[in-house]
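Heads up, model37.tsv below (TSV, C-alpha atoms):
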chain	number	residue	atom	x	y	z
F	1	MET	CA	105.24	131.45	62.80
F	2	THR	CA	103.62	132.43	66.10
F	3	GLU	CA	104.12	135.88	67.58
F	4	PHE	CA	106.28	134.38	70.32
F	5	GLU	CA	108.37	132.45	67.80
F	6	ALA	CA	108.86	135.52	65.60
F	7	ARG	CA	109.99	137.59	68.59
F	8	ALA	CA	112.30	134.81	69.75
F	9	GLU	CA	113.74	134.60	66.23
F	10	ARG	CA	114.67	138.29	66.40
F	11	LEU	CA	116.26	137.71	69.81
F	12	LEU	CA	118.19	134.62	68.72
F	13	PRO	CA	121.61	136.36	68.56
F	14	ASP	CA	121.11	137.57	72.13
F	15	MET	CA	120.05	134.10	73.24
F	16	ILE	CA	123.13	132.52	71.70
F	17	ALA	CA	125.31	135.14	73.40
F	18	ASP	CA	123.71	134.28	76.76
F	19	ILE	CA	124.30	130.57	76.20
F	20	GLU	CA	127.95	131.40	75.49
F	21	THR	CA	128.15	133.37	78.73
F	22	LEU	CA	126.91	130.38	80.72
F	23	VAL	CA	129.14	127.92	78.89
F	24	ARG	CA	132.22	130.06	79.47
F	25	ALA	CA	131.36	130.36	83.16
F	26	GLU	CA	132.03	126.59	83.51
F	27	SER	CA	130.31	124.91	86.43
F	28	PRO	CA	131.45	121.36	87.23
F	29	THR	CA	129.39	119.81	90.00
F	30	ASP	CA	132.37	118.99	92.20
F	31	ASP	CA	133.88	122.51	92.08
F	32	THR	CA	131.98	124.70	94.54
F	33	GLU	CA	134.00	127.81	93.70
F	34	ALA	CA	133.12	127.44	90.02
F	35	LEU	CA	129.48	126.88	90.96
F	36	ALA	CA	129.53	130.09	92.99
F	37	ARG	CA	130.82	132.03	89.98
F	38	SER	CA	128.22	130.40	87.74
F	39	ALA	CA	125.47	131.35	90.20
F	40	ASP	CA	126.70	134.96	90.14
F	41	VAL	CA	126.52	134.98	86.33
F	42	LEU	CA	123.02	133.47	86.39
F	43	THR	CA	121.84	135.94	88.99
F	44	ALA	CA	122.92	138.89	86.86
F	45	MET	CA	121.42	137.35	83.73
F	46	GLY	CA	118.13	136.63	85.44
F	47	ARG	CA	117.98	140.10	86.93
F	48	GLY	CA	118.22	141.51	83.42
F	49	HIS	CA	115.59	139.25	81.86
F	50	LEU	CA	113.22	138.64	84.76
F	51	GLY	CA	113.60	141.93	86.59
F	52	SER	CA	114.27	140.34	89.95
F	53	THR	CA	117.05	138.83	92.04
F	54	PRO	CA	116.68	135.17	93.02
F	55	GLU	CA	116.86	133.79	96.51
F	56	ARG	CA	120.24	132.08	96.83
F	57	VAL	CA	119.97	128.89	98.86
F	58	GLU	CA	123.37	127.45	99.73
F	59	VAL	CA	123.61	123.90	101.04
F	60	GLU	CA	127.10	122.49	101.66
F	61	ARG	CA	128.46	125.43	99.60
F	62	ARG	CA	126.31	124.54	96.59
F	63	PRO	CA	124.34	127.59	95.37
F	64	HIS	CA	120.77	126.92	94.26
F	65	LEU	CA	118.78	129.85	92.82
F	66	VAL	CA	115.04	130.42	93.23
F	67	TRP	CA	113.01	133.05	91.40
F	68	ARG	CA	109.44	133.33	92.70
F	69	LEU	CA	107.65	135.45	90.15
F	70	GLY	CA	104.46	137.38	90.69
F	71	ALA	CA	102.20	137.07	93.68
F	72	GLY	CA	99.77	134.53	95.03
F	73	PRO	CA	100.07	130.78	95.61
F	74	ARG	CA	102.74	128.87	93.71
F	75	ARG	CA	101.19	127.12	90.71
F	76	LEU	CA	103.94	126.20	88.25
F	77	LEU	CA	107.57	125.16	88.76
F	78	LEU	CA	110.20	125.51	86.03
F	79	LEU	CA	113.05	123.21	86.99
F	80	ALA	CA	116.66	123.46	85.76
F	81	HIS	CA	120.26	123.00	86.93
F	82	HIS	CA	123.47	124.94	86.28
F	83	ASP	CA	126.02	122.29	87.23
F	84	THR	CA	127.68	120.25	84.48
F	85	VAL	CA	129.65	117.01	84.20
F	86	TRP	CA	132.64	118.78	82.63
F	87	PRO	CA	135.76	119.39	84.76
F	88	PHE	CA	136.96	122.99	84.71
F	89	GLY	CA	139.10	123.65	81.63
F	90	SER	CA	138.44	120.24	80.08
F	91	TRP	CA	137.54	121.74	76.69
F	92	GLY	CA	140.64	123.94	76.62
F	93	GLU	CA	140.58	126.68	73.97
F	94	ARG	CA	137.76	125.01	72.04
F	95	ILE	CA	135.26	125.82	74.76
F	96	TRP	CA	132.90	127.69	72.40
F	97	LYS	CA	132.09	127.39	68.71
F	98	VAL	CA	129.14	128.24	66.48
F	99	GLU	CA	129.38	126.88	62.96
F	100	ASP	CA	126.74	126.06	60.35
F	101	GLY	CA	123.96	126.69	62.85
F	102	VAL	CA	125.41	124.31	65.46
F	103	ILE	CA	126.46	125.53	68.92
F	104	ARG	CA	129.23	123.55	70.63
F	105	GLY	CA	130.57	123.83	74.15
F	106	PRO	CA	130.58	122.04	77.51
F	107	GLY	CA	127.11	122.12	79.03
F	108	CYS	CA	125.55	124.03	76.11
F	109	LEU	CA	122.86	121.35	75.77
F	110	ASP	CA	122.81	120.10	79.35
F	111	MET	CA	121.68	122.61	80.21
F	112	ALA	CA	122.65	126.21	79.41
F	113	GLY	CA	120.33	126.16	76.42
F	114	GLY	CA	117.32	125.19	78.50
F	115	ILE	CA	118.03	127.84	81.13
F	116	VAL	CA	118.31	130.60	78.53
F	117	GLN	CA	115.15	129.45	76.72
F	118	ALA	CA	113.25	129.58	80.03
F	119	MET	CA	114.46	133.09	80.83
F	120	TYR	CA	113.46	134.36	77.40
F	121	ALA	CA	110.08	132.57	77.49
F	122	LEU	CA	109.30	134.33	80.77
F	123	ARG	CA	110.60	137.61	79.39
F	124	LEU	CA	108.41	137.31	76.28
F	125	LEU	CA	105.37	136.67	78.45
F	126	ALA	CA	106.17	139.62	80.71
F	127	GLU	CA	106.54	141.89	77.67
F	128	THR	CA	102.98	141.02	76.64
F	129	ARG	CA	101.92	142.06	80.15
F	130	ALA	CA	100.86	138.49	80.87
F	131	THR	CA	100.70	137.73	84.56
F	132	LEU	CA	103.38	135.40	85.89
F	133	ASP	CA	101.70	135.08	89.27
F	134	GLY	CA	102.56	131.76	90.85
F	135	VAL	CA	105.55	130.83	88.66
F	136	THR	CA	108.69	129.56	90.38
F	137	PHE	CA	111.95	129.14	88.46
F	138	LEU	CA	114.42	126.92	90.31
F	139	VAL	CA	118.00	126.36	89.10
F	140	THR	CA	119.89	123.81	91.20
F	141	ALA	CA	123.61	123.08	91.52
F	142	ASP	CA	124.05	119.31	91.88
F	143	GLU	CA	121.63	117.51	89.56
F	144	GLU	CA	124.44	115.65	87.80
F	145	ILE	CA	125.29	113.72	90.98
F	146	GLY	CA	121.73	112.97	92.04
F	147	SER	CA	120.76	116.27	93.72
F	148	PRO	CA	121.92	115.32	97.25
F	149	THR	CA	121.74	118.92	98.53
F	150	ALA	CA	118.95	120.13	96.24
F	151	ARG	CA	116.40	117.37	96.73
F	152	GLU	CA	114.72	118.84	99.80
F	153	LEU	CA	114.52	122.26	98.12
F	154	ILE	CA	113.08	120.78	94.92
F	155	GLU	CA	110.41	118.89	96.81
F	156	ARG	CA	109.56	121.93	98.93
F	157	GLU	CA	109.21	124.26	95.94
F	158	ALA	CA	107.26	121.69	93.92
F	159	ALA	CA	104.83	120.69	96.68
F	160	PRO	CA	102.29	123.53	96.24
F	161	CYS	CA	102.43	123.46	92.42
F	162	GLN	CA	99.97	121.93	89.97
F	163	ALA	CA	102.59	121.22	87.30
F	164	VAL	CA	106.33	121.01	86.80
F	165	PHE	CA	108.14	121.76	83.51
F	166	VAL	CA	111.66	120.33	83.39
F	167	LEU	CA	114.19	122.09	81.16
F	168	GLU	CA	116.38	119.08	80.44
F	169	PRO	CA	117.26	118.66	76.75
F	170	GLY	CA	114.64	117.25	74.44
F	171	GLY	CA	115.14	114.08	72.44
F	172	PRO	CA	117.33	113.99	69.33
F	173	HIS	CA	114.47	115.38	67.23
F	174	GLY	CA	113.01	117.62	69.92
F	175	GLU	CA	110.81	114.96	71.52
F	176	LEU	CA	109.48	115.64	75.00
F	177	LYS	CA	110.36	113.09	77.66
F	178	THR	CA	107.21	111.60	79.13
F	179	GLU	CA	108.77	108.64	80.91
F	180	ARG	CA	112.09	108.09	82.69
F	181	LYS	CA	113.56	105.11	84.46
F	182	GLY	CA	114.45	105.29	88.12
F	183	SER	CA	118.06	104.95	89.17
F	184	SER	CA	119.94	103.28	92.02
F	185	ARG	CA	123.64	103.17	92.79
F	186	TYR	CA	125.47	100.66	94.93
F	187	THR	CA	128.94	99.70	96.05
F	188	VAL	CA	129.58	96.06	96.96
F	189	HIS	CA	132.51	95.91	99.41
F	190	VAL	CA	134.34	92.60	99.75
F	191	THR	CA	136.78	91.71	102.51
F	192	GLY	CA	139.19	88.78	102.33
F	193	ARG	CA	142.52	88.10	103.99
F	194	ALA	CA	145.97	89.05	102.68
F	195	ALA	CA	148.77	86.53	102.26
F	196	HIS	CA	151.98	86.21	100.25
F	197	ALA	CA	150.95	85.11	96.78
F	198	GLY	CA	154.07	82.98	96.32
F	199	LEU	CA	154.90	81.63	99.74
F	200	GLU	CA	151.51	80.78	101.24
F	201	PRO	CA	148.54	81.84	99.10
F	202	GLU	CA	146.44	79.14	100.78
F	203	ARG	CA	146.51	81.20	103.99
F	204	GLY	CA	144.73	84.07	102.27
F	205	VAL	CA	141.12	84.69	101.31
F	206	ASN	CA	141.15	86.18	97.83
F	207	ALA	CA	138.87	89.25	97.67
F	208	GLY	CA	139.36	89.37	93.90
F	209	VAL	CA	137.94	85.88	93.44
F	210	GLU	CA	135.09	86.73	95.82
F	211	LEU	CA	134.43	89.89	93.81
F	212	ALA	CA	134.30	87.91	90.56
F	213	HIS	CA	131.49	85.77	91.98
F	214	HIS	CA	129.51	88.89	92.84
F	215	VAL	CA	130.00	90.43	89.39
F	216	LEU	CA	128.33	87.37	87.88
F	217	ALA	CA	125.62	87.27	90.56
F	218	VAL	CA	124.76	90.95	90.13
F	219	ASP	CA	124.55	90.58	86.36
F	220	THR	CA	121.75	88.00	86.70
F	221	LEU	CA	119.48	90.53	88.45
F	222	ALA	CA	118.70	92.38	85.21
F	223	ASP	CA	115.33	91.77	83.55
F	224	ARG	CA	115.09	92.97	79.97
F	225	ALA	CA	111.39	92.20	79.71
F	226	ALA	CA	110.71	94.49	82.67
F	227	GLY	CA	113.08	97.17	81.38
F	228	THR	CA	115.49	96.62	84.27
F	229	THR	CA	119.23	97.00	83.77
F	230	VAL	CA	121.72	96.04	86.49
F	231	THR	CA	125.22	96.91	85.30
F	232	PRO	CA	128.49	96.18	87.10
F	233	THR	CA	130.67	99.19	86.31
F	234	VAL	CA	133.86	100.11	88.18
F	235	MET	CA	135.60	97.34	90.12
F	236	SER	CA	138.90	97.01	91.95
F	237	ALA	CA	140.78	94.58	94.19
F	238	GLY	CA	144.26	94.11	95.60
F	239	THR	CA	147.27	96.23	96.41
F	240	THR	CA	150.41	94.58	94.98
F	241	THR	CA	151.06	91.92	92.37
F	242	ASN	CA	152.49	89.45	94.91
F	243	THR	CA	149.77	89.73	97.57
F	244	VAL	CA	146.46	87.89	97.85
F	245	PRO	CA	143.89	90.72	97.71
F	246	ALA	CA	142.35	91.53	101.08
F	247	GLN	CA	139.87	94.15	99.82
F	248	GLY	CA	137.71	94.63	96.76
F	249	ALA	CA	134.86	96.85	95.60
F	250	LEU	CA	132.28	96.74	92.83
F	251	HIS	CA	130.06	99.64	91.74
F	252	VAL	CA	126.64	98.82	90.34
F	253	ASP	CA	124.30	101.00	88.24
F	254	VAL	CA	120.60	100.05	88.31
F	255	ARG	CA	117.83	101.46	86.10
F	256	THR	CA	114.21	100.37	86.43
F	257	SER	CA	110.87	101.33	84.91
F	258	SER	CA	108.86	100.59	88.06
F	259	LEU	CA	109.15	101.01	91.80
F	260	ALA	CA	108.46	97.29	92.22
F	261	GLU	CA	111.54	96.43	90.16
F	262	GLN	CA	113.62	99.03	91.97
F	263	ARG	CA	112.66	97.45	95.27
F	264	ARG	CA	113.26	93.89	94.00
F	265	VAL	CA	116.81	94.68	92.92
F	266	ASP	CA	117.50	96.62	96.11
F	267	ARG	CA	116.39	93.68	98.22
F	268	ALA	CA	118.45	91.19	96.19
F	269	LEU	CA	121.62	93.26	96.44
F	270	ARG	CA	121.25	93.67	100.20
F	271	GLU	CA	120.88	89.90	100.53
F	272	LEU	CA	124.24	89.12	98.89
F	273	THR	CA	126.28	86.63	100.93
F	274	PRO	CA	129.92	85.50	100.65
F	275	PHE	CA	130.91	82.73	98.24
F	276	GLU	CA	134.41	82.05	99.59
F	277	GLU	CA	134.94	80.71	103.08
F	278	GLY	CA	136.30	83.45	105.32
F	279	ALA	CA	135.19	86.30	103.04
F	280	ALA	CA	132.75	89.06	104.04
F	281	VAL	CA	130.49	91.25	101.91
F	282	ALA	CA	128.78	94.56	102.67
F	283	VAL	CA	126.55	96.65	100.38
F	284	GLU	CA	126.08	100.40	100.59
F	285	GLY	CA	123.98	102.78	98.49
F	286	GLY	CA	120.42	102.43	97.23
F	287	PRO	CA	117.76	104.15	95.10
F	288	SER	CA	118.61	107.75	94.22
F	289	ARG	CA	115.60	108.63	92.07
F	290	PRO	CA	112.29	106.81	91.59
F	291	PRO	CA	110.92	106.23	88.08
F	292	LEU	CA	108.94	108.92	86.26
F	293	PRO	CA	105.98	106.86	84.98
F	294	PRO	CA	104.09	107.82	81.81
F	295	GLU	CA	100.91	108.63	83.71
F	296	SER	CA	102.75	111.48	85.47
F	297	SER	CA	103.04	113.38	82.19
F	298	ALA	CA	100.14	112.05	80.11
F	299	ASP	CA	97.71	114.92	80.71
F	300	LEU	CA	100.37	117.61	80.36
F	301	PHE	CA	101.69	116.11	77.13
F	302	ALA	CA	98.18	115.83	75.65
F	303	ARG	CA	97.59	119.47	76.50
F	304	ALA	CA	100.98	120.45	75.04
F	305	GLU	CA	100.08	118.68	71.80
F	306	ARG	CA	96.91	120.76	71.51
F	307	VAL	CA	98.68	124.01	72.42
F	308	ALA	CA	101.35	123.39	69.79
F	309	ALA	CA	98.78	122.46	67.16
F	310	ASP	CA	96.62	125.52	67.90
F	311	ALA	CA	99.69	127.74	67.55
F	312	GLY	CA	100.81	126.15	64.29
F	313	LEU	CA	104.00	124.75	65.79
F	314	ALA	CA	105.47	121.45	64.63
F	315	PRO	CA	103.67	118.38	66.00
F	316	LEU	CA	105.09	117.16	69.29
F	317	ARG	CA	106.42	113.68	69.86
F	318	ALA	CA	107.24	111.85	73.07
F	319	ILE	CA	109.96	109.39	74.06
F	320	ALA	CA	110.96	107.39	77.12
F	321	SER	CA	114.44	107.85	78.54
F	322	GLY	CA	116.75	105.56	80.48
F	323	ALA	CA	118.41	108.58	82.04
F	324	VAL	CA	117.05	110.35	85.10
F	325	SER	CA	116.39	113.97	86.04
F	326	ASP	CA	114.98	116.00	88.91
F	327	GLY	CA	111.60	115.48	87.25
F	328	ASN	CA	111.68	111.96	88.68
F	329	LEU	CA	111.52	113.52	92.15
F	330	THR	CA	108.54	115.79	91.43
F	331	ALA	CA	106.61	113.05	89.64
F	332	HIS	CA	107.10	110.81	92.67
F	333	LEU	CA	105.33	113.48	94.74
F	334	GLY	CA	102.28	113.03	92.52
F	335	ILE	CA	102.74	116.36	90.73
F	336	PRO	CA	102.14	116.26	86.94
F	337	THR	CA	105.59	116.62	85.37
F	338	LEU	CA	106.60	117.21	81.75
F	339	ASP	CA	110.29	116.78	80.92
F	340	GLY	CA	112.56	117.46	77.95
F	341	LEU	CA	111.38	121.04	77.34
F	342	GLY	CA	114.93	122.35	77.01
F	343	ALA	CA	117.22	122.74	74.02
F	344	VAL	CA	117.41	120.44	71.00
F	345	GLY	CA	120.72	118.92	70.01
F	346	GLY	CA	122.83	115.93	70.97
F	347	GLY	CA	125.99	114.58	72.52
F	348	ALA	CA	125.21	115.47	76.14
F	349	HIS	CA	128.10	114.49	78.44
F	350	ALA	CA	130.29	113.78	75.39
F	351	ASP	CA	132.84	115.69	73.31
F	352	GLY	CA	130.20	116.20	70.64
F	353	GLU	CA	127.77	118.08	72.88
F	354	HIS	CA	125.86	120.59	70.75
F	355	VAL	CA	122.67	122.63	70.37
F	356	THR	CA	120.78	123.19	67.11
F	357	ALA	CA	120.47	126.97	66.94
F	358	SER	CA	117.51	127.01	64.55
F	359	ALA	CA	115.39	125.09	67.06
F	360	ILE	CA	115.83	127.66	69.85
F	361	PRO	CA	113.06	130.13	68.82
F	362	GLY	CA	110.45	127.40	68.41
F	363	ARG	CA	111.31	125.78	71.72
F	364	THR	CA	111.22	129.14	73.48
F	365	ALA	CA	107.83	129.90	71.95
F	366	LEU	CA	106.49	126.48	72.95
F	367	LEU	CA	107.58	126.98	76.53
F	368	ALA	CA	106.03	130.46	76.67
F	369	LEU	CA	102.74	129.12	75.34
F	370	LEU	CA	102.74	126.20	77.78
F	371	ILE	CA	103.41	128.51	80.73
F	372	ALA	CA	100.58	130.82	79.66
F	373	ASP	CA	98.28	127.86	79.16
F	374	ARG	CA	98.97	126.42	82.60
F	375	LEU	CA	98.46	129.77	84.29
F	376	ALA	CA	95.13	130.15	82.48
F	377	ALA	CA	93.96	126.64	83.49
F	378	ARG	CA	90.52	126.35	84.98
F	379	ARG	CA	90.28	126.88	88.72
F	380	PRO	CA	87.97	124.40	90.41
F	381	ARG	CA	85.76	125.43	93.34
F	382	GLY	CA	88.04	126.55	96.12
F	383	GLY	CA	90.34	128.48	93.81
F	384	ARG	CA	93.03	125.84	93.24
F	385	PRO	CA	93.96	125.35	89.55
F	386	SER	CA	92.95	122.04	88.05
F	387	ASN	CA	95.57	119.44	87.09
F	388	ARG	CA	93.38	118.24	84.26
F	389	PRO	CA	93.66	119.65	80.74
F	390	SER	CA	91.03	122.23	79.96

Go ahead and express the file in the form of structure tokens.
Amino acid sequence: MTEFEARAERLLPDMIADIETLVRAESPTDDTEALARSADVLTAMGRGHLGSTPERVEVERRPHLVWRLGAGPRRLLLLAHHDTVWPFGSWGERIWKVEDGVIRGPGCLDMAGGIVQAMYALRLLAETRATLDGVTFLVTADEEIGSPTARELIEREAAPCQAVFVLEPGGPHGELKTERKGSSRYTVHVTGRAAHAGLEPERGVNAGVELAHHVLAVDTLADRAAGTTVTPTVMSAGTTTNTVPAQGALHVDVRTSSLAEQRRVDRALRELTPFEEGAAVAVEGGPSRPPLPPESSADLFARAERVAADAGLAPLRAIASGAVSDGNLTAHLGIPTLDGLGAVGGGAHADGEHVTASAIPGRTALLALLIADRLAARRPRGGRPSNRPS
């Protein structure tokens, strides 16, 4: 057991208590008042562990928190979010439970656990008198809906950095996430013409029938060989049971492994044309996050493998994910990005969401070691740290 892991093991009860505090704060993305309370809780918690108060950046009433630690140029960004998918009160009285080493609660995995592990990793480093010069810790408030108000802030804070560590949950066995698909969201709007369904249906243009054509057309855009999924999800048409539908809408979820595929599907959706005479179709939406390609994390993961091995930690493994994160945004900027450094568990976004308590000390130690390693990276001529493993 490394020194960091042993110290984190002794602090585990405190870490679990802090995760409980964040879980009980409840912070659904669409509830700005709840997000404000959550940001207050995080601010107090961070002040205690990091010794400083974050800058609070509010955009459309969404509170994003930025800790800029130490002095000097920004070199490393730790990226997290405090919003969750869970509506306020949705877990009722069973909001928190720890049993047989398993922590359960809304948002415990995604991502209270990762936030707490980051705070303690930084605290452990500070207690060894290690310099944290150049570390930025950013906790955003709308990641679960695509970071519409946080994106500019994320890109601005990441721009001067040489690496980004994303505190999203690891894989089911603690794997780091070295590749993520990009995501796009669309709504296909169909317009027909209403008519009485019994008296004169022939005078109408059925938006439901038109919509059915587009469901089938959209489905053909997927390409399994390329890793592209194009999924019709929510759809609706009509107003009453005796009226030819005049309006319809279809929501489409797109995931791609490459920018080329993301652009191909985008172009195809925007070129949709009506099937039924007299119908009209309009498409809104588009790409929300570009893919995180494996080359964006390859060097960082190779270095992490060596750091873990040198410290006697369990060997690291990597996986690709069909889900997206804010790491997609930083990777697209060309900044080396390593994702999945948060808590270990399962059931994110589901009733079975949980964190494996025994994994917390090791993950905290790994993050502390990786932060120290990045801050000690060789500086090329000119003083800017190298992106390449040393």

With the cut-off set at 9 Å and counting all atoms listed in the file, tabulate each residue of segment 75-151 of chain F with an atom at most that distance from an atom of segment 27-34 of chain F, showing the nearest atom pair and its distance in Å to one decimal, ordered by chain and increasing number, as a tab-separated table.
residue	atom	partner	partner_atom	distance
F:His82	CA	F:Ser27	CA	6.8
F:Asp83	CA	F:Thr29	CA	5.0
F:Thr84	CA	F:Pro28	CA	4.8
F:Val85	CA	F:Pro28	CA	5.6
F:Trp86	CA	F:Pro28	CA	5.4
F:Pro87	CA	F:Pro28	CA	5.3
F:Phe88	CA	F:Pro28	CA	6.3
F:Gly107	CA	F:Ser27	CA	8.5
F:Ala141	CA	F:Thr29	CA	6.8
F:Asp142	CA	F:Thr29	CA	5.7
F:Glu143	CA	F:Thr29	CA	8.1
F:Glu144	CA	F:Thr29	CA	6.8
F:Ile145	CA	F:Thr29	CA	7.4

Let me make sure I understand: among F:Gly312, F:Pro294, F:Gly192, F:Gly92, which one has the smallest atom-to-atom distance to Arg24 of chain F if we use all atoms listed in the file? F:Gly92

Proximity check segment 318-375 of chain F to segment 233-255 of chain F, 12 Å, nearest pairs one decimal Å, only C-alpha atoms, as a Markdown table:
| residue | atom | partner | partner_atom | distance |
| --- | --- | --- | --- | --- |
| F:Ser321 | CA | F:Arg255 | CA | 10.5 |
| F:Gly322 | CA | F:Arg255 | CA | 7.0 |
| F:Ala323 | CA | F:Arg255 | CA | 8.2 |
| F:Val324 | CA | F:Arg255 | CA | 9.0 |

8 Å contact set for Ala25 of chain F, only C-alpha atoms, chain neighbours under 2 positions out, as an MDAnalysis selection string: chainID F and resid 21:23 27 34 37:38 41

At a cut-off of 12 Å around the point (119.5, 123.3, 88.9) (file coordinates), what residues fall inside when counting all atoms listed in the file? I'd like the answer as a PDB file with C-alpha atoms, in the coordinates of the input.
ATOM      1  CA  SER F  27     130.310 124.910  86.430  1.00  0.00           C
ATOM      2  CA  THR F  29     129.390 119.810  90.000  1.00  0.00           C
ATOM      3  CA  LEU F  35     129.480 126.880  90.960  1.00  0.00           C
ATOM      4  CA  SER F  38     128.220 130.400  87.740  1.00  0.00           C
ATOM      5  CA  ALA F  39     125.470 131.350  90.200  1.00  0.00           C
ATOM      6  CA  LEU F  42     123.020 133.470  86.390  1.00  0.00           C
ATOM      7  CA  ARG F  56     120.240 132.080  96.830  1.00  0.00           C
ATOM      8  CA  VAL F  57     119.970 128.890  98.860  1.00  0.00           C
ATOM      9  CA  ARG F  62     126.310 124.540  96.590  1.00  0.00           C
ATOM     10  CA  PRO F  63     124.340 127.590  95.370  1.00  0.00           C
ATOM     11  CA  HIS F  64     120.770 126.920  94.260  1.00  0.00           C
ATOM     12  CA  LEU F  65     118.780 129.850  92.820  1.00  0.00           C
ATOM     13  CA  VAL F  66     115.040 130.420  93.230  1.00  0.00           C
ATOM     14  CA  TRP F  67     113.010 133.050  91.400  1.00  0.00           C
ATOM     15  CA  LEU F  78     110.200 125.510  86.030  1.00  0.00           C
ATOM     16  CA  LEU F  79     113.050 123.210  86.990  1.00  0.00           C
ATOM     17  CA  ALA F  80     116.660 123.460  85.760  1.00  0.00           C
ATOM     18  CA  HIS F  81     120.260 123.000  86.930  1.00  0.00           C
ATOM     19  CA  HIS F  82     123.470 124.940  86.280  1.00  0.00           C
ATOM     20  CA  ASP F  83     126.020 122.290  87.230  1.00  0.00           C
ATOM     21  CA  THR F  84     127.680 120.250  84.480  1.00  0.00           C
ATOM     22  CA  ASP F 110     122.810 120.100  79.350  1.00  0.00           C
ATOM     23  CA  MET F 111     121.680 122.610  80.210  1.00  0.00           C
ATOM     24  CA  ALA F 112     122.650 126.210  79.410  1.00  0.00           C
ATOM     25  CA  GLY F 114     117.320 125.190  78.500  1.00  0.00           C
ATOM     26  CA  ILE F 115     118.030 127.840  81.130  1.00  0.00           C
ATOM     27  CA  PHE F 137     111.950 129.140  88.460  1.00  0.00           C
ATOM     28  CA  LEU F 138     114.420 126.920  90.310  1.00  0.00           C
ATOM     29  CA  VAL F 139     118.000 126.360  89.100  1.00  0.00           C
ATOM     30  CA  THR F 140     119.890 123.810  91.200  1.00  0.00           C
ATOM     31  CA  ALA F 141     123.610 123.080  91.520  1.00  0.00           C
ATOM     32  CA  ASP F 142     124.050 119.310  91.880  1.00  0.00           C
ATOM     33  CA  GLU F 143     121.630 117.510  89.560  1.00  0.00           C
ATOM     34  CA  GLU F 144     124.440 115.650  87.800  1.00  0.00           C
ATOM     35  CA  ILE F 145     125.290 113.720  90.980  1.00  0.00           C
ATOM     36  CA  GLY F 146     121.730 112.970  92.040  1.00  0.00           C
ATOM     37  CA  SER F 147     120.760 116.270  93.720  1.00  0.00           C
ATOM     38  CA  PRO F 148     121.920 115.320  97.250  1.00  0.00           C
ATOM     39  CA  THR F 149     121.740 118.920  98.530  1.00  0.00           C
ATOM     40  CA  ALA F 150     118.950 120.130  96.240  1.00  0.00           C
ATOM     41  CA  ARG F 151     116.400 117.370  96.730  1.00  0.00           C
ATOM     42  CA  LEU F 153     114.520 122.260  98.120  1.00  0.00           C
ATOM     43  CA  ILE F 154     113.080 120.780  94.920  1.00  0.00           C
ATOM     44  CA  VAL F 166     111.660 120.330  83.390  1.00  0.00           C
ATOM     45  CA  LEU F 167     114.190 122.090  81.160  1.00  0.00           C
ATOM     46  CA  GLU F 168     116.380 119.080  80.440  1.00  0.00           C
ATOM     47  CA  SER F 325     116.390 113.970  86.040  1.00  0.00           C
ATOM     48  CA  ASP F 326     114.980 116.000  88.910  1.00  0.00           C
ATOM     49  CA  GLY F 327     111.600 115.480  87.250  1.00  0.00           C
TER      50      GLY F 327
END

Taking (123.6, 89.2, 88.6) in the file's coordinates as the center, which residues reach within 12 Å of it, counting all atoms listed in the file, put as an MDAnalysis selection string? chainID F and resid 212:223 228:232 252:254 265 268:269 272

Could you tell me how far atom CA of Pro106 of chain F sits from atom CA of Arg10 of chain F, in Å to one decimal place? 25.3 Å

Between atom CA of Gly48 of chain F and atom CA of Leu12 of chain F, measure the distance and give it in Å to one decimal.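 Value for the atom CA of Gly48 of chain F-atom CA of Leu12 of chain F distance: 16.2 Å.
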
Long-range neighbours of Ala6 of chain F as a compact mmCIF listing (two decimals) with C-alpha atoms, in the coordinates of the input, 12 Å cut-off, all atoms listed in the file, 6 positions minimum in chain:
# COMPACT_ATOMS: atom_id res chain seq x y z
CA LEU F 12 118.19 134.62 68.72
CA LEU F 124 108.41 137.31 76.28
CA LEU F 313 104.00 124.75 65.79
CA ILE F 360 115.83 127.66 69.85
CA PRO F 361 113.06 130.13 68.82
CA GLY F 362 110.45 127.40 68.41
CA ARG F 363 111.31 125.78 71.72
CA THR F 364 111.22 129.14 73.48
CA ALA F 365 107.83 129.90 71.95
CA LEU F 366 106.49 126.48 72.95

Proximity to Glu157 of chain F - best of F:Thr178, F:Leu370, F:Pro172, F:Leu76, all atoms listed in the file: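 So, comparing all the options, the nearest one is F:Leu76.
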
Closest atom pairs, residues of segment 76-184 of chain F within 7 Å of segment 355-358 of chain F, all atoms listed in the file, as a tab-separated table:
residue	atom	partner	partner_atom	distance
F:Gly101	CA	F:Ala357	CA	5.4
F:Val102	CA	F:Thr356	CA	5.0
F:Ile103	CA	F:Val355	CA	5.0
F:Arg104	CA	F:Val355	CA	6.6
F:Cys108	CA	F:Val355	CA	6.6
F:Leu109	CA	F:Val355	CA	5.6

One decimal, Å: what's the distance from atom CA of Ala126 of chain F over to atom CA of Ile371 of chain F, could you say?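 Spanning atom CA of Ala126 of chain F to atom CA of Ile371 of chain F is a straight-line distance of 11.4 Å.
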
Using only C-alpha atoms for the distances, tell me which of F:Ala130, F:Ala279, F:Leu77, F:Ala368 is nearest to Val164 of chain F.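 Of F:Ala130, F:Ala279, F:Leu77, F:Ala368, the one nearest Val164 of chain F is F:Leu77, counting only C-alpha atoms.
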
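Proximity ranking of F:Pro169, F:Met119, F:Ser297, F:Thr2 relative to Asp310 of chain F places F:Thr2 first, based on all atoms listed in the file.
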
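Residues surrounding segment 330-338 of chain F within 8 Å are Ile154, Glu155, Ala158, Ala159, Cys161, Gln162, Ala163, Val164, Phe165, Val166, Leu176, Lys177, Thr178, Pro290, Pro291, Leu292, Pro293, Ser296, Ser297, Asp299, Leu300, Phe301, Asp326, Gly327, Leu341 and Asn387 of chain F [all atoms listed in the file; sequence separation below 3 positions excluded].
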